[in-house]
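Shown next, in C-alpha cells, is the structure this report addresses.
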Amino acid sequence: MSRNLSKRSLEVPFTGVRRMIKYERNPFEYLDCIARSDRDLDVQGYSVRLSAFIANVCLAILMTWSHEDVEGSVYVIFMQVYTIFVATFISLARRRLSVADAHFCLTLTISPLAIYFAYSTARWFLNKRSNLYLRLGGTSHKLIATLTCAMVLQWFILPFIIYDAPDYVFEGQRCSVQTLQQFVIYRTFKMIQWVDLSLFLFPLFPFFYIVYTIRHVFDIAREHKRHQKKVRPWRFFRFVQVPWRFVRSWTLSNWIVVTYSHQWLRFLLVFIAYLTWAGGVGVWIPNMPKYWNDILQVLHEDSGGWPAYKADAKWDSLGYGQILATTVALKPLYEVCKLTIKRRHDLWHAVAHFPCSIWNGVVFLVTGHRNAWKNILREKEEREGHPLPCRLSSSA
C-alpha cells in the first residue's frame, strides 16, 4: 500500500514534511516570488539605504577613535535597530508589509556594529574583558546587555515569520519556502549579492594572516607559553582540559601577536565586513525595482521572457520621504567632522607615518627585522614595569 501512494496522499497536515517531500516544484520559485514582491519607497528607497549605511559607519568611527563616552553612540544604534523592528512588526500586524521589505528590514539591522555588540555582550556574560563594556558607564551594562540579547532574539524570530508565513501576513502574498532546495538557492543568491563588492578582498586577510603567523611563530610560542602558565589545572578530567587549553591558548596568542603587531589587518577585516553589509543592503543599487526586474528577466528568459522595466510614477528618488531620510546621517557626519578637526594632528601623524609602517612590514616579511611585536612588549614594560603585557592577552 505504501508503494502506491498517490501525489494527493502526500498532502498531509504536517506542512513542513509535505514541503520537504515535494521536490518536483521549481527550485527558483521562492527567488522568483521575492523578485516579484512589491518594494516600498519608504523602506527600500536609495536615500533610506544610503543614509542608514553612512550613519552606521560614522558611529563606528566615533566609537573607535573618540576618547569620549561611547554610551550615546551605542544608544543611537539601538534606537535605529529597534525603530526598524517596531515598524516591521506593526506593519506585519496591519498587513502592510511585503515579503521583500521584511527581508530588507532584517538585513538592515544585522550591521557589523550590531554584530560587534553581540560579540562584546557574549564576552561580558562570560566575565571576559571587552573594550566596549569598559568604555560604557557602569550603570548601563545590564541595560545594554538586555537590549543586545533582545536584538539577537529578533534575528531568529523574524526569519521564521518571513520564510513560513501564511497568506494573510504579507499583503496577501505567499512567498513561503516550499522545499529545502528553494531555500538553498535563495540564500546562495543573497550570499553572492552580499559579497559582490568585497569578494576580491576576502583572500587578502587569510593570506597575510598566515604569512604573518609564520613570521611570528617564535613570538606566538612565547606568548602561548605565558598563557599556559596562567591555566589552573582541573582536579578531574585533565586529559580533556589539556588539548582544549592548548588549542585555545595558541589561537588566542596567534590572534594577539599578529593583529597587535599589524593593526592594518583589523582595519582590513572591518572594511570587508562593511563592504559585505553594503552589498546586502544594496548601497550600489540606485533603483531597486529595476534591479529585481532584471533578475526576473534572467529567470524567465527560457519561458517567454519578462517585460522590460517600466518606472513606477510613485517611485521618486528625490521625493519628500527620501529627502527626509537623508537627515538621519547628518548628525553622525557632523560629529565625525568635529572629531577630525579635533584630532587633526593625530590624523596627520598617522597619515605621515603610514608609508613608513608599510615599509617596516615589508622589511619584516623579507628579513624578519623590525619586529613590531618586540616594540609593543618594550613599550608595555616601560609603562607598567613588567616584562610582559599582563592585560594584553585578555583584551578584545
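Residue names in the C-alpha cells use chain letters A, B, ... in the order shown, residue numbers from 1 in each chain, and ligand numbers from 1 in the order shown.
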#### Entry: alpha helix (DSSP H) call set, DSSP backbone run, region 130-313 of chain A, as number ranges by chain
A: 131-135, 141-163, 180-194, 204-215, 217-229, 238-261, 264-281, 288-299
### Å distance separating CA of Val231 (chain A) from CA of Ile210 (chain A), one decimal place
26.6 Å
### Task
List the neighbours of Pro159 (chain A) out to 10 Å using only C-alpha atoms; skip same-chain residues closer than 5 positions along the sequence, and give me the result as number ranges by chain.
A: 102-103, 106, 154, 164-165
Only N, CA, C and O atoms, please: the residues just picked out, written as an mmCIF file, in the first residue's frame.
data_model
loop_
_atom_site.group_PDB
_atom_site.id
_atom_site.type_symbol
_atom_site.label_atom_id
_atom_site.label_comp_id
_atom_site.auth_asym_id
_atom_site.auth_seq_id
_atom_site.Cartn_x
_atom_site.Cartn_y
_atom_site.Cartn_z
ATOM 1 N N ALA A 102 10.251 42.928 4.246
ATOM 2 C CA ALA A 102 10.588 42.261 5.506
ATOM 3 C C ALA A 102 12.012 41.719 5.472
ATOM 4 O O ALA A 102 12.757 41.822 6.447
ATOM 5 N N HIS A 103 12.410 41.121 4.343
ATOM 6 C CA HIS A 103 13.793 40.658 4.191
ATOM 7 C C HIS A 103 14.772 41.816 4.335
ATOM 8 O O HIS A 103 15.807 41.692 5.001
ATOM 9 N N LEU A 106 15.219 43.058 7.982
ATOM 10 C CA LEU A 106 16.095 42.175 8.746
ATOM 11 C C LEU A 106 17.560 42.422 8.395
ATOM 12 O O LEU A 106 18.422 42.492 9.280
ATOM 13 N N GLN A 154 15.465 38.697 18.063
ATOM 14 C CA GLN A 154 14.659 39.094 16.896
ATOM 15 C C GLN A 154 15.293 38.624 15.591
ATOM 16 O O GLN A 154 14.576 38.389 14.614
ATOM 17 N N ASP A 164 8.047 31.249 6.503
ATOM 18 C CA ASP A 164 6.913 30.341 6.587
ATOM 19 C C ASP A 164 5.677 31.066 7.075
ATOM 20 O O ASP A 164 5.001 30.636 8.008
ATOM 21 N N ALA A 165 5.378 32.189 6.461
ATOM 22 C CA ALA A 165 4.220 32.974 6.869
ATOM 23 C C ALA A 165 2.994 32.568 6.057
ATOM 24 O O ALA A 165 3.101 32.257 4.863
#
### Message
Taking 3 positions as the minimum chain separation for residues in the same chain, which residues sit within 9 Å of Asp101 (chain A) when counting only C-alpha atoms? Answer as a list in words.
### Response
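Using only C-alpha atoms, the neighbours found are Ser37, Asp38, Arg39, Asp40, Val43, Gln44, Thr88, Leu97, Ser98, Phe104, Cys105 and Leu106 of chain A.
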Output file for the selection above: C-alpha atoms, as a JSON list (two decimals), in the first residue's frame:
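What landed in part_1.json:
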[["chain", "number", "residue", "atom", "x", "y", "z"],
["A", 37, "SER", "CA", 7.25, 41.24, -4.47],
["A", 38, "ASP", "CA", 6.41, 44.92, -4.02],
["A", 39, "ARG", "CA", 9.03, 47.30, -2.64],
["A", 40, "ASP", "CA", 8.04, 50.35, -0.66],
["A", 43, "VAL", "CA", 11.57, 51.14, 3.16],
["A", 44, "GLN", "CA", 13.98, 50.43, 0.30],
["A", 88, "THR", "CA", 8.31, 45.98, 10.91],
["A", 97, "LEU", "CA", 4.49, 44.95, 4.55],
["A", 98, "SER", "CA", 5.68, 42.90, 1.59],
["A", 104, "PHE", "CA", 15.35, 44.08, 3.77],
["A", 105, "CYS", "CA", 14.36, 45.22, 7.29],
["A", 106, "LEU", "CA", 16.10, 42.17, 8.75]]
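With distances restricted to only C-alpha atoms, A:Leu204 is the closest residue to Leu265 (chain A) from A:Cys58, A:Ala221, A:Leu204, A:Val283.
As for CA of Tyr260 (chain A) and CA of Leu59 (chain A), they are spaced 23.0 Å apart.
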At a cut-off of 10 Å, can you tabulate as JSON lines every residue of region 228-305 of chain A near region 46-49 of chain A together with its closest atom pair and the distance in Å to one decimal, using only C-alpha atoms and ordering rows by chain then number?
{"residue": "A:Ala278", "atom": "CA", "partner": "A:Arg49", "partner_atom": "CA", "distance": 8.9}
{"residue": "A:Val281", "atom": "CA", "partner": "A:Arg49", "partner_atom": "CA", "distance": 6.6}
{"residue": "A:Gly282", "atom": "CA", "partner": "A:Arg49", "partner_atom": "CA", "distance": 7.3}
{"residue": "A:Val283", "atom": "CA", "partner": "A:Arg49", "partner_atom": "CA", "distance": 6.3}
{"residue": "A:Trp284", "atom": "CA", "partner": "A:Tyr46", "partner_atom": "CA", "distance": 9.1}
{"residue": "A:Ile285", "atom": "CA", "partner": "A:Tyr46", "partner_atom": "CA", "distance": 7.6}
{"residue": "A:Pro286", "atom": "CA", "partner": "A:Tyr46", "partner_atom": "CA", "distance": 5.6}
{"residue": "A:Asn287", "atom": "CA", "partner": "A:Tyr46", "partner_atom": "CA", "distance": 7.0}
{"residue": "A:Met288", "atom": "CA", "partner": "A:Tyr46", "partner_atom": "CA", "distance": 7.9}
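Coordinates place CA of Trp194 (chain A) at a distance of 18.2 Å from CA of Tyr30 (chain A).
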